[in-house]
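Colleague: So here's start_28.cif (mmCIF, N, CA and C atoms).
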```
data_query
loop_
_atom_site.label_atom_id
_atom_site.label_comp_id
_atom_site.auth_asym_id
_atom_site.auth_seq_id
_atom_site.Cartn_x
_atom_site.Cartn_y
_atom_site.Cartn_z
N MET A 1 114.27 68.99 95.85
CA MET A 1 114.90 70.12 95.22
C MET A 1 115.50 71.01 96.30
N ALA A 2 116.77 71.29 96.22
CA ALA A 2 117.44 72.14 97.20
C ALA A 2 117.22 73.61 96.84
N ILE A 3 117.06 74.41 97.88
CA ILE A 3 116.94 75.85 97.68
C ILE A 3 118.32 76.45 97.81
N ARG A 4 118.71 77.28 96.86
CA ARG A 4 120.02 77.92 96.91
C ARG A 4 119.85 79.37 97.28
N TYR A 5 120.74 79.86 98.12
CA TYR A 5 120.75 81.26 98.50
C TYR A 5 122.02 81.91 97.96
N TYR A 6 121.89 83.06 97.39
CA TYR A 6 123.02 83.80 96.88
C TYR A 6 123.06 85.16 97.56
N PRO A 7 124.24 85.65 97.90
CA PRO A 7 124.32 86.98 98.52
C PRO A 7 123.73 88.04 97.59
N LEU A 8 122.94 88.92 98.17
CA LEU A 8 122.34 90.01 97.40
C LEU A 8 123.27 91.21 97.40
N ARG A 9 123.24 91.95 96.35
CA ARG A 9 123.98 93.20 96.26
C ARG A 9 122.97 94.33 96.14
N LYS A 10 123.32 95.48 96.68
CA LYS A 10 122.43 96.62 96.61
C LYS A 10 122.22 97.03 95.16
N ILE A 11 120.98 97.29 94.80
CA ILE A 11 120.63 97.74 93.47
C ILE A 11 120.47 99.25 93.52
N THR A 12 121.31 99.96 92.81
CA THR A 12 121.23 101.42 92.75
C THR A 12 120.48 101.79 91.48
N ILE A 13 119.40 102.51 91.67
CA ILE A 13 118.56 102.90 90.55
C ILE A 13 119.07 104.22 90.00
N GLY A 14 119.32 104.27 88.72
CA GLY A 14 119.82 105.49 88.09
C GLY A 14 118.76 106.58 88.05
N SER A 15 119.20 107.80 87.95
CA SER A 15 118.30 108.93 87.85
C SER A 15 117.42 108.81 86.61
N SER A 16 116.18 109.21 86.73
CA SER A 16 115.20 109.20 85.63
C SER A 16 114.90 107.80 85.13
N GLN A 17 114.88 106.82 86.02
CA GLN A 17 114.53 105.45 85.65
C GLN A 17 113.28 105.02 86.40
N ASP A 18 112.51 104.12 85.79
CA ASP A 18 111.37 103.50 86.43
C ASP A 18 111.68 102.01 86.55
N ILE A 19 111.62 101.49 87.77
CA ILE A 19 111.92 100.09 88.01
C ILE A 19 110.69 99.43 88.61
N ILE A 20 110.31 98.28 88.06
CA ILE A 20 109.17 97.52 88.58
C ILE A 20 109.62 96.10 88.85
N PHE A 21 109.42 95.63 90.08
CA PHE A 21 109.66 94.24 90.44
C PHE A 21 108.29 93.66 90.76
N ALA A 22 107.87 92.67 90.02
CA ALA A 22 106.56 92.07 90.24
C ALA A 22 106.71 90.57 90.39
N GLY A 23 106.22 90.06 91.51
CA GLY A 23 106.23 88.63 91.74
C GLY A 23 104.99 88.01 91.13
N SER A 24 104.84 86.70 91.34
CA SER A 24 103.63 86.04 90.88
C SER A 24 102.47 86.53 91.73
N GLU A 25 101.28 86.23 91.32
CA GLU A 25 100.11 86.67 92.07
C GLU A 25 100.29 86.28 93.53
N PHE A 26 100.11 87.23 94.44
CA PHE A 26 100.40 87.01 95.85
C PHE A 26 99.50 85.91 96.42
N SER A 27 100.11 84.97 97.09
CA SER A 27 99.35 83.95 97.82
C SER A 27 100.17 83.54 99.03
N THR A 28 99.50 83.09 100.06
CA THR A 28 100.22 82.68 101.26
C THR A 28 100.84 81.31 101.09
N THR A 29 100.43 80.54 100.09
CA THR A 29 100.99 79.21 99.91
C THR A 29 102.21 79.18 99.00
N ASN A 30 102.32 80.16 98.10
CA ASN A 30 103.46 80.16 97.19
C ASN A 30 103.85 81.59 96.80
N PRO A 31 104.28 82.39 97.78
CA PRO A 31 104.63 83.78 97.44
C PRO A 31 106.00 83.86 96.77
N THR A 32 106.19 84.92 96.00
CA THR A 32 107.51 85.23 95.48
C THR A 32 108.25 85.96 96.58
N THR A 33 109.39 85.44 97.00
CA THR A 33 110.09 85.97 98.16
C THR A 33 111.49 86.43 97.80
N ILE A 34 111.85 87.60 98.30
CA ILE A 34 113.24 88.05 98.25
C ILE A 34 113.73 87.94 99.68
N ASN A 35 114.67 87.04 99.91
CA ASN A 35 115.14 86.73 101.24
C ASN A 35 116.51 87.36 101.46
N GLY A 36 116.61 88.23 102.44
CA GLY A 36 117.87 88.90 102.73
C GLY A 36 118.76 88.14 103.69
N LEU A 37 118.54 86.85 103.81
CA LEU A 37 119.24 86.03 104.79
C LEU A 37 120.74 86.24 104.82
N TYR A 38 121.37 86.29 103.68
CA TYR A 38 122.82 86.45 103.65
C TYR A 38 123.25 87.83 103.18
N SER A 39 122.37 88.80 103.35
CA SER A 39 122.66 90.15 102.88
C SER A 39 123.22 91.01 104.00
N SER A 40 124.18 91.84 103.67
CA SER A 40 124.71 92.79 104.66
C SER A 40 124.42 94.22 104.20
N THR A 41 123.63 94.35 103.15
CA THR A 41 123.29 95.67 102.63
C THR A 41 121.81 95.69 102.27
N GLY A 42 121.21 96.87 102.23
CA GLY A 42 119.83 96.99 101.80
C GLY A 42 119.71 96.57 100.34
N LEU A 43 118.48 96.42 99.89
CA LEU A 43 118.27 95.93 98.53
C LEU A 43 118.25 97.04 97.49
N PHE A 44 117.54 98.15 97.77
CA PHE A 44 117.40 99.22 96.79
C PHE A 44 117.91 100.54 97.33
N ASP A 45 118.71 101.21 96.52
CA ASP A 45 119.19 102.56 96.81
C ASP A 45 118.58 103.45 95.72
N VAL A 46 117.65 104.33 96.12
CA VAL A 46 116.94 105.17 95.16
C VAL A 46 117.47 106.59 95.29
N PRO A 47 118.01 107.16 94.21
CA PRO A 47 118.67 108.47 94.28
C PRO A 47 117.68 109.63 94.37
N ALA A 48 118.24 110.80 94.63
CA ALA A 48 117.45 112.04 94.69
C ALA A 48 117.07 112.45 93.28
N SER A 49 115.86 112.08 92.86
CA SER A 49 115.39 112.44 91.53
C SER A 49 113.88 112.31 91.48
N ALA A 50 113.20 113.39 91.15
CA ALA A 50 111.75 113.38 91.05
C ALA A 50 111.27 112.53 89.88
N SER A 51 112.14 112.19 88.96
CA SER A 51 111.73 111.41 87.79
C SER A 51 112.09 109.93 87.91
N THR A 52 112.39 109.47 89.12
CA THR A 52 112.74 108.07 89.35
C THR A 52 111.61 107.42 90.14
N SER A 53 111.27 106.17 89.78
CA SER A 53 110.25 105.46 90.54
C SER A 53 110.65 104.01 90.75
N LEU A 54 110.19 103.46 91.87
CA LEU A 54 110.39 102.06 92.21
C LEU A 54 109.05 101.50 92.63
N THR A 55 108.62 100.42 91.97
CA THR A 55 107.36 99.76 92.32
C THR A 55 107.65 98.30 92.63
N LEU A 56 107.22 97.86 93.81
CA LEU A 56 107.33 96.45 94.20
C LEU A 56 105.91 95.91 94.35
N THR A 57 105.61 94.81 93.65
CA THR A 57 104.27 94.25 93.65
C THR A 57 104.32 92.75 93.87
N ASN A 58 103.38 92.25 94.70
CA ASN A 58 103.22 90.81 94.93
C ASN A 58 104.51 90.14 95.41
N LEU A 59 105.15 90.72 96.42
CA LEU A 59 106.41 90.18 96.92
C LEU A 59 106.38 90.00 98.43
N THR A 60 107.16 89.04 98.91
CA THR A 60 107.48 88.92 100.32
C THR A 60 108.94 89.33 100.46
N LEU A 61 109.21 90.24 101.39
CA LEU A 61 110.57 90.74 101.66
C LEU A 61 110.89 90.38 103.10
N ARG A 62 111.89 89.55 103.31
CA ARG A 62 112.15 89.10 104.68
C ARG A 62 113.63 88.89 104.94
N GLY A 63 113.98 89.02 106.21
CA GLY A 63 115.29 88.62 106.66
C GLY A 63 116.45 89.54 106.37
N PHE A 64 116.20 90.79 105.98
CA PHE A 64 117.29 91.73 105.77
C PHE A 64 117.75 92.28 107.12
N THR A 65 119.04 92.20 107.39
CA THR A 65 119.62 92.74 108.62
C THR A 65 120.79 93.61 108.20
N VAL A 66 120.67 94.93 108.43
CA VAL A 66 121.59 95.90 107.86
C VAL A 66 121.99 96.94 108.89
N ASP A 67 123.23 97.38 108.88
CA ASP A 67 123.67 98.51 109.69
C ASP A 67 123.68 99.75 108.82
N ASP A 68 122.50 100.19 108.43
CA ASP A 68 122.31 101.36 107.59
C ASP A 68 120.82 101.68 107.64
N ASN A 69 120.40 102.80 107.09
CA ASN A 69 118.99 103.14 107.03
C ASN A 69 118.29 102.33 105.95
N GLY A 70 117.05 101.90 106.24
CA GLY A 70 116.25 101.20 105.24
C GLY A 70 116.79 99.83 104.89
N ALA A 71 116.36 98.80 105.60
CA ALA A 71 116.87 97.45 105.35
C ALA A 71 116.58 96.97 103.93
N VAL A 72 115.45 97.42 103.35
CA VAL A 72 115.12 97.00 101.99
C VAL A 72 115.24 98.17 101.02
N ILE A 73 114.67 99.34 101.38
CA ILE A 73 114.69 100.50 100.48
C ILE A 73 115.20 101.73 101.21
N GLU A 74 116.16 102.42 100.61
CA GLU A 74 116.58 103.73 101.08
C GLU A 74 116.40 104.70 99.91
N SER A 75 115.53 105.68 100.11
CA SER A 75 115.23 106.66 99.06
C SER A 75 115.48 108.06 99.59
N LEU A 76 116.39 108.75 98.95
CA LEU A 76 116.79 110.07 99.44
C LEU A 76 116.47 111.15 98.42
N GLY A 77 115.34 111.79 98.57
CA GLY A 77 115.08 113.01 97.83
C GLY A 77 114.28 112.97 96.57
N GLY A 78 112.98 112.73 96.65
CA GLY A 78 112.10 113.04 95.55
C GLY A 78 111.56 111.91 94.71
N ALA A 79 112.00 110.70 94.88
CA ALA A 79 111.52 109.60 94.04
C ALA A 79 110.11 109.18 94.43
N SER A 80 109.50 108.39 93.58
CA SER A 80 108.20 107.81 93.84
C SER A 80 108.39 106.33 94.17
N ILE A 81 107.91 105.93 95.35
CA ILE A 81 108.03 104.55 95.81
C ILE A 81 106.63 103.98 95.98
N SER A 82 106.36 102.81 95.39
CA SER A 82 105.06 102.16 95.55
C SER A 82 105.26 100.71 95.97
N LEU A 83 104.58 100.32 97.05
CA LEU A 83 104.59 98.95 97.51
C LEU A 83 103.14 98.46 97.47
N VAL A 84 102.88 97.48 96.61
CA VAL A 84 101.52 96.98 96.41
C VAL A 84 101.50 95.47 96.66
N ARG A 85 100.66 95.04 97.59
CA ARG A 85 100.57 93.64 97.99
C ARG A 85 101.95 93.09 98.36
N VAL A 86 102.61 93.80 99.27
CA VAL A 86 103.92 93.40 99.77
C VAL A 86 103.78 92.94 101.22
N PHE A 87 104.42 91.84 101.55
CA PHE A 87 104.49 91.35 102.92
C PHE A 87 105.94 91.46 103.35
N ALA A 88 106.22 92.37 104.28
CA ALA A 88 107.59 92.60 104.75
C ALA A 88 107.67 92.19 106.21
N HIS A 89 108.51 91.22 106.50
CA HIS A 89 108.64 90.77 107.89
C HIS A 89 110.07 90.37 108.22
N SER A 90 110.37 90.53 109.51
CA SER A 90 111.66 90.11 110.07
C SER A 90 112.84 90.82 109.42
N ASN A 91 112.68 92.10 109.14
CA ASN A 91 113.77 92.93 108.63
C ASN A 91 114.25 93.84 109.74
N ARG A 92 115.56 94.13 109.78
CA ARG A 92 116.11 94.90 110.88
C ARG A 92 117.25 95.80 110.42
N VAL A 93 117.30 96.99 111.03
CA VAL A 93 118.47 97.84 110.89
C VAL A 93 119.03 98.04 112.29
N GLY A 94 120.30 98.44 112.37
CA GLY A 94 120.94 98.65 113.66
C GLY A 94 120.21 99.69 114.49
N SER A 95 120.42 99.66 115.80
CA SER A 95 119.68 100.52 116.73
C SER A 95 119.93 102.01 116.53
N SER A 96 121.00 102.39 115.85
CA SER A 96 121.23 103.81 115.59
C SER A 96 120.76 104.23 114.19
N TYR A 97 120.02 103.34 113.51
CA TYR A 97 119.51 103.62 112.16
C TYR A 97 117.99 103.61 112.15
N SER A 98 117.42 104.03 111.02
CA SER A 98 115.96 104.19 110.91
C SER A 98 115.40 103.41 109.73
N GLY A 99 114.13 103.05 109.85
CA GLY A 99 113.41 102.39 108.77
C GLY A 99 113.75 100.91 108.65
N GLY A 100 113.08 100.08 109.46
CA GLY A 100 113.34 98.64 109.42
C GLY A 100 113.12 98.01 108.07
N VAL A 101 112.25 98.61 107.25
CA VAL A 101 112.03 98.15 105.88
C VAL A 101 112.32 99.28 104.90
N VAL A 102 111.70 100.44 105.12
CA VAL A 102 111.79 101.55 104.18
C VAL A 102 112.22 102.83 104.89
N TYR A 103 113.16 103.55 104.29
CA TYR A 103 113.64 104.84 104.78
C TYR A 103 113.49 105.83 103.63
N VAL A 104 112.69 106.89 103.83
CA VAL A 104 112.40 107.83 102.75
C VAL A 104 112.58 109.27 103.21
N LEU A 105 113.30 110.03 102.41
CA LEU A 105 113.40 111.48 102.57
C LEU A 105 112.91 112.09 101.26
N GLY A 106 111.76 112.73 101.30
CA GLY A 106 111.22 113.40 100.12
C GLY A 106 110.53 112.46 99.15
N GLY A 107 109.71 113.03 98.29
CA GLY A 107 109.00 112.26 97.27
C GLY A 107 107.68 111.72 97.77
N THR A 108 107.13 110.78 97.04
CA THR A 108 105.84 110.18 97.37
C THR A 108 106.02 108.70 97.60
N THR A 109 105.52 108.22 98.72
CA THR A 109 105.55 106.80 99.03
C THR A 109 104.12 106.32 99.19
N SER A 110 103.76 105.26 98.47
CA SER A 110 102.43 104.68 98.55
C SER A 110 102.53 103.23 98.97
N ILE A 111 101.75 102.86 99.98
CA ILE A 111 101.71 101.49 100.48
C ILE A 111 100.26 101.04 100.39
N ILE A 112 100.02 100.02 99.58
CA ILE A 112 98.66 99.59 99.28
C ILE A 112 98.53 98.08 99.47
N ASP A 113 97.51 97.67 100.23
CA ASP A 113 97.22 96.24 100.43
C ASP A 113 98.45 95.47 100.89
N SER A 114 99.20 96.03 101.83
CA SER A 114 100.46 95.43 102.27
C SER A 114 100.46 95.19 103.77
N THR A 115 101.37 94.35 104.23
CA THR A 115 101.51 94.04 105.65
C THR A 115 102.98 94.13 106.04
N PHE A 116 103.23 94.81 107.17
CA PHE A 116 104.56 94.94 107.73
C PHE A 116 104.51 94.39 109.15
N SER A 117 105.28 93.36 109.44
CA SER A 117 105.25 92.79 110.79
C SER A 117 106.63 92.30 111.20
N GLY A 118 106.91 92.44 112.50
CA GLY A 118 108.15 91.91 113.06
C GLY A 118 109.42 92.58 112.57
N ASN A 119 109.33 93.82 112.14
CA ASN A 119 110.50 94.57 111.68
C ASN A 119 110.99 95.46 112.82
N SER A 120 112.26 95.85 112.80
CA SER A 120 112.76 96.70 113.88
C SER A 120 113.86 97.65 113.41
N ALA A 121 113.93 98.77 114.14
CA ALA A 121 114.93 99.82 113.85
C ALA A 121 115.05 100.71 115.07
N GLY A 122 116.07 101.57 115.10
CA GLY A 122 116.19 102.56 116.16
C GLY A 122 115.04 103.56 116.11
N ASN A 123 114.63 103.95 114.91
CA ASN A 123 113.48 104.82 114.67
C ASN A 123 112.69 104.23 113.51
N GLY A 124 111.36 104.22 113.63
CA GLY A 124 110.53 103.71 112.54
C GLY A 124 110.72 102.22 112.33
N GLY A 125 110.13 101.41 113.20
CA GLY A 125 110.32 99.96 113.16
C GLY A 125 110.13 99.36 111.78
N ALA A 126 109.12 99.82 111.05
CA ALA A 126 108.88 99.34 109.69
C ALA A 126 109.21 100.40 108.66
N LEU A 127 108.88 101.65 108.99
CA LEU A 127 108.89 102.72 108.01
C LEU A 127 109.35 104.02 108.66
N HIS A 128 110.28 104.71 108.02
CA HIS A 128 110.71 106.02 108.48
C HIS A 128 110.62 106.97 107.29
N VAL A 129 109.66 107.89 107.36
CA VAL A 129 109.42 108.83 106.27
C VAL A 129 109.48 110.23 106.84
N TYR A 130 110.26 111.11 106.23
CA TYR A 130 110.33 112.46 106.76
C TYR A 130 110.62 113.48 105.68
N SER A 131 110.39 114.75 106.06
CA SER A 131 110.61 115.89 105.16
C SER A 131 111.64 116.82 105.76
N THR A 132 112.23 117.64 104.91
CA THR A 132 113.10 118.72 105.35
C THR A 132 112.67 119.98 104.62
N SER A 133 113.35 121.08 104.86
CA SER A 133 113.02 122.31 104.13
C SER A 133 113.31 122.17 102.64
N SER A 134 114.18 121.24 102.26
CA SER A 134 114.51 121.02 100.85
C SER A 134 113.66 119.95 100.17
N TYR A 135 113.12 119.01 100.95
CA TYR A 135 112.38 117.89 100.39
C TYR A 135 111.05 117.70 101.10
N SER A 136 109.95 117.82 100.35
CA SER A 136 108.65 117.52 100.94
C SER A 136 108.33 116.05 100.68
N THR A 137 107.56 115.48 101.57
CA THR A 137 107.25 114.05 101.50
C THR A 137 105.76 113.83 101.63
N THR A 138 105.24 112.92 100.81
CA THR A 138 103.85 112.51 100.91
C THR A 138 103.81 111.01 101.15
N LEU A 139 103.02 110.60 102.14
CA LEU A 139 102.86 109.18 102.44
C LEU A 139 101.39 108.83 102.28
N ASN A 140 101.10 107.83 101.43
CA ASN A 140 99.75 107.32 101.23
C ASN A 140 99.72 105.87 101.67
N VAL A 141 98.85 105.54 102.62
CA VAL A 141 98.70 104.16 103.08
C VAL A 141 97.24 103.78 102.92
N ARG A 142 96.98 102.66 102.24
CA ARG A 142 95.60 102.22 102.03
C ARG A 142 95.51 100.71 102.22
N ASN A 143 94.54 100.28 103.03
CA ASN A 143 94.26 98.85 103.24
C ASN A 143 95.51 98.07 103.62
N SER A 144 96.30 98.62 104.53
CA SER A 144 97.55 97.97 104.93
C SER A 144 97.59 97.79 106.43
N ILE A 145 98.40 96.84 106.87
CA ILE A 145 98.49 96.48 108.28
C ILE A 145 99.93 96.62 108.74
N PHE A 146 100.12 97.28 109.90
CA PHE A 146 101.43 97.39 110.54
C PHE A 146 101.26 96.82 111.95
N PHE A 147 101.98 95.75 112.28
CA PHE A 147 101.89 95.23 113.63
C PHE A 147 103.20 94.57 114.05
N ASP A 148 103.42 94.60 115.35
CA ASP A 148 104.59 93.96 115.96
C ASP A 148 105.92 94.46 115.39
N ASN A 149 105.94 95.73 114.99
CA ASN A 149 107.18 96.38 114.57
C ASN A 149 107.70 97.17 115.77
N THR A 150 109.02 97.23 115.96
CA THR A 150 109.55 97.89 117.15
C THR A 150 110.62 98.93 116.78
N ALA A 151 110.63 99.99 117.59
CA ALA A 151 111.63 101.03 117.43
C ALA A 151 112.05 101.52 118.81
#
```
Turn this file's structure into C-alpha cells for me.
Modeller:
Amino acid sequence: MAIRYYPLRKITIGSSQDIIFAGSEFSTTNPTTINGLYSSTGLFDVPASASTSLTLTNLTLRGFTVDDNGAVIESLGGASISLVRVFAHSNRVGSSYSGGVVYVLGGTTSIIDSTFSGNSAGNGGALHVYSTSSYSTTLNVRNSIFFDNTA
C-alpha cells in the first residue's frame, strides 16, 4: 500500500469555535500522524478570542518547516490551547521566527503527557509563550518531556 502525501493548508479557526483533533489511542507502533513534509505554512491559526479553543489529542506532529511563527500552531490573543498525548518532533521555523511547534500570545496553553523533541526556532525551540500588557498568558505543563530542541 502506497502512502500518499497531500499539501496541507493552514486551518484558520473562527472566533468562538471549539476545535478538537483526536487521533487513535496513542501508541509508538501505530500513531496517528500529521506530517508537514510538503507544507510551507503552519497548520493552525487561532484568532484573538477568549471563547475559542483548540485541543489536539493522541497525535504525532512532525516535519513542519515554516518561515513564520509557530510551525504547527500560532495563537494570538486569548484562546485556549490544549495538547494531550502529543509527540511533536522535527518541526522548524526560520531563524528570525519563534516557536518551533507552538507560538502563543495570551490565553491558556496546557501541555499534558506530551513530548517535544528535535524542534528548532530562532526563539523557543519547541514553544514560545509570552504576555503583553494587553494579553495575559498562562502555561500549564504536566508529565511532559522537552529535549533536544534548539533556539
Colleague: My list of candidates is A:Arg62, A:Thr32, A:Ala71, A:Leu105. Which is closest to A:Ser134 when distances are computed with all atoms listed in the file?
Modeller: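 Of all the options, A:Leu105 lies closest to A:Ser134.
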Colleague: Rounded to one decimal in Å, what is the spacing between atom C of A:Thr138 and atom C of A:Ala126?
Modeller: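 One can read the atom C of A:Thr138 to atom C of A:Ala126 distance as 14.1 Å.
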Colleague: When the PyMOL selection byres ((chain A and resi 89) around 6.5) is applied to the structure above, which residues does it catch, written out as a list in words?
Modeller: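 This file, filtered by the PyMOL selection byres ((chain A and resi 89) around 6.5), leaves Thr60, Leu61, Arg62, Gly63, Phe87, Ala88, Ser90, Asn91, Thr115, Phe116, Ser117, Gly118 and Asn119 of chain A.
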Colleague: Build an axis-aligned box that encloses every atom of stretch 81-92 of chain A listed in the file, pad it by 8 Å on each side, and report its centre and edge lengths in Å to one decimal, as lines of an AutoDock Vina configuration file.
Modeller:
```
center_x = 108.9
center_y = 98.0
center_z = 103.1
size_x = 32.7
size_y = 31.8
size_z = 31.5
```
Colleague: Return the single residue from A:Ser49, A:Asn140, A:Thr41, A:Ser95 that is closest to A:Ile73, with distances computed using only C-alpha atoms.
Modeller: A:Thr41
Colleague: Translate the PyMOL selection byres (((chain A and resi 98-100 and name CA) around 6) and name CA), as applied to the file shown, into an explicit residue set as a PyMOL selection string.
Modeller: chain A and resi 69-71+91-93+97+101-103+119-128
Colleague: Using the chain letters and numbering of this document, enumerate as a PyMOL selection string the residues selected by the PyMOL selection byres (((chain A and resi 77 and name CA) around 12) and name CA).
Modeller: chain A and resi 15+45-53+74-76+78-81+103-109+129-138
Colleague: Atom CA of A:Thr55 and atom CA of A:Val72 are how many Å apart?
Modeller: 12.7 Å
Colleague: Between atom C of A:Thr65 and atom N of A:Val141, what is the distance in Å, rounded to a tenth?
Modeller: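 Straight-line distance from atom C of A:Thr65 to atom N of A:Val141 works out to 25.6 Å.
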Colleague: Pick out each residue of stretch 38-115 of chain A that DSSP on the backbone tags as strand (DSSP E); I need them as a compact mmCIF listing (two decimals) with N, CA and C atoms, keeping the file's coordinate frame.
Modeller:
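Output file states02.txt is given in full below:
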```txt
# COMPACT_ATOMS: atom_id res chain seq x y z
N PHE A 44 117.54 98.15 97.77
CA PHE A 44 117.40 99.22 96.79
C PHE A 44 117.91 100.54 97.33
N ASP A 45 118.71 101.21 96.52
CA ASP A 45 119.19 102.56 96.81
C ASP A 45 118.58 103.45 95.72
N VAL A 46 117.65 104.33 96.12
CA VAL A 46 116.94 105.17 95.16
C VAL A 46 117.47 106.59 95.29
N SER A 53 111.27 106.17 89.78
CA SER A 53 110.25 105.46 90.54
C SER A 53 110.65 104.01 90.75
N LEU A 54 110.19 103.46 91.87
CA LEU A 54 110.39 102.06 92.21
C LEU A 54 109.05 101.50 92.63
N THR A 55 108.62 100.42 91.97
CA THR A 55 107.36 99.76 92.32
C THR A 55 107.65 98.30 92.63
N LEU A 56 107.22 97.86 93.81
CA LEU A 56 107.33 96.45 94.20
C LEU A 56 105.91 95.91 94.35
N THR A 57 105.61 94.81 93.65
CA THR A 57 104.27 94.25 93.65
C THR A 57 104.32 92.75 93.87
N ASN A 58 103.38 92.25 94.70
CA ASN A 58 103.22 90.81 94.93
C ASN A 58 104.51 90.14 95.41
N LEU A 59 105.15 90.72 96.42
CA LEU A 59 106.41 90.18 96.92
C LEU A 59 106.38 90.00 98.43
N THR A 60 107.16 89.04 98.91
CA THR A 60 107.48 88.92 100.32
C THR A 60 108.94 89.33 100.46
N LEU A 61 109.21 90.24 101.39
CA LEU A 61 110.57 90.74 101.66
C LEU A 61 110.89 90.38 103.10
N ARG A 62 111.89 89.55 103.31
CA ARG A 62 112.15 89.10 104.68
C ARG A 62 113.63 88.89 104.94
N THR A 65 119.04 92.20 107.39
CA THR A 65 119.62 92.74 108.62
C THR A 65 120.79 93.61 108.20
N VAL A 66 120.67 94.93 108.43
CA VAL A 66 121.59 95.90 107.86
C VAL A 66 121.99 96.94 108.89
N ILE A 73 114.67 99.34 101.38
CA ILE A 73 114.69 100.50 100.48
C ILE A 73 115.20 101.73 101.21
N GLU A 74 116.16 102.42 100.61
CA GLU A 74 116.58 103.73 101.08
C GLU A 74 116.40 104.70 99.91
N SER A 75 115.53 105.68 100.11
CA SER A 75 115.23 106.66 99.06
C SER A 75 115.48 108.06 99.59
N LEU A 76 116.39 108.75 98.95
CA LEU A 76 116.79 110.07 99.44
C LEU A 76 116.47 111.15 98.42
N SER A 80 109.50 108.39 93.58
CA SER A 80 108.20 107.81 93.84
C SER A 80 108.39 106.33 94.17
N ILE A 81 107.91 105.93 95.35
CA ILE A 81 108.03 104.55 95.81
C ILE A 81 106.63 103.98 95.98
N SER A 82 106.36 102.81 95.39
CA SER A 82 105.06 102.16 95.55
C SER A 82 105.26 100.71 95.97
N LEU A 83 104.58 100.32 97.05
CA LEU A 83 104.59 98.95 97.51
C LEU A 83 103.14 98.46 97.47
N VAL A 84 102.88 97.48 96.61
CA VAL A 84 101.52 96.98 96.41
C VAL A 84 101.50 95.47 96.66
N ARG A 85 100.66 95.04 97.59
CA ARG A 85 100.57 93.64 97.99
C ARG A 85 101.95 93.09 98.36
N VAL A 86 102.61 93.80 99.27
CA VAL A 86 103.92 93.40 99.77
C VAL A 86 103.78 92.94 101.22
N PHE A 87 104.42 91.84 101.55
CA PHE A 87 104.49 91.35 102.92
C PHE A 87 105.94 91.46 103.35
N ALA A 88 106.22 92.37 104.28
CA ALA A 88 107.59 92.60 104.75
C ALA A 88 107.67 92.19 106.21
N HIS A 89 108.51 91.22 106.50
CA HIS A 89 108.64 90.77 107.89
C HIS A 89 110.07 90.37 108.22
N ARG A 92 115.56 94.13 109.78
CA ARG A 92 116.11 94.90 110.88
C ARG A 92 117.25 95.80 110.42
N VAL A 93 117.30 96.99 111.03
CA VAL A 93 118.47 97.84 110.89
C VAL A 93 119.03 98.04 112.29
N VAL A 102 111.70 100.44 105.12
CA VAL A 102 111.79 101.55 104.18
C VAL A 102 112.22 102.83 104.89
N TYR A 103 113.16 103.55 104.29
CA TYR A 103 113.64 104.84 104.78
C TYR A 103 113.49 105.83 103.63
N VAL A 104 112.69 106.89 103.83
CA VAL A 104 112.40 107.83 102.75
C VAL A 104 112.58 109.27 103.21
N LEU A 105 113.30 110.03 102.41
CA LEU A 105 113.40 111.48 102.57
C LEU A 105 112.91 112.09 101.26
N GLY A 107 109.71 113.03 98.29
CA GLY A 107 109.00 112.26 97.27
C GLY A 107 107.68 111.72 97.77
N THR A 108 107.13 110.78 97.04
CA THR A 108 105.84 110.18 97.37
C THR A 108 106.02 108.70 97.60
N THR A 109 105.52 108.22 98.72
CA THR A 109 105.55 106.80 99.03
C THR A 109 104.12 106.32 99.19
N SER A 110 103.76 105.26 98.47
CA SER A 110 102.43 104.68 98.55
C SER A 110 102.53 103.23 98.97
N ILE A 111 101.75 102.86 99.98
CA ILE A 111 101.71 101.49 100.48
C ILE A 111 100.26 101.04 100.39
N ILE A 112 100.02 100.02 99.58
CA ILE A 112 98.66 99.59 99.28
C ILE A 112 98.53 98.08 99.47
N THR A 115 101.37 94.35 104.23
CA THR A 115 101.51 94.04 105.65
C THR A 115 102.98 94.13 106.04
```
Colleague: Restricting the calculation to only C-alpha atoms, which member of A:Thr150, A:Ser96, A:Ser144, A:Thr33 is positioned closest to A:Ile112?
Modeller: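 The shortest atom-to-atom distance to A:Ile112 comes from A:Ser144.
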Colleague: When you count only C-alpha atoms, which of these residues is closest to A:Ser82: A:Leu43, A:Ile111, A:Leu59, A:Ile145?
Modeller: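 Using only C-alpha atoms, the shortest distance to A:Ser82 belongs to A:Ile111.
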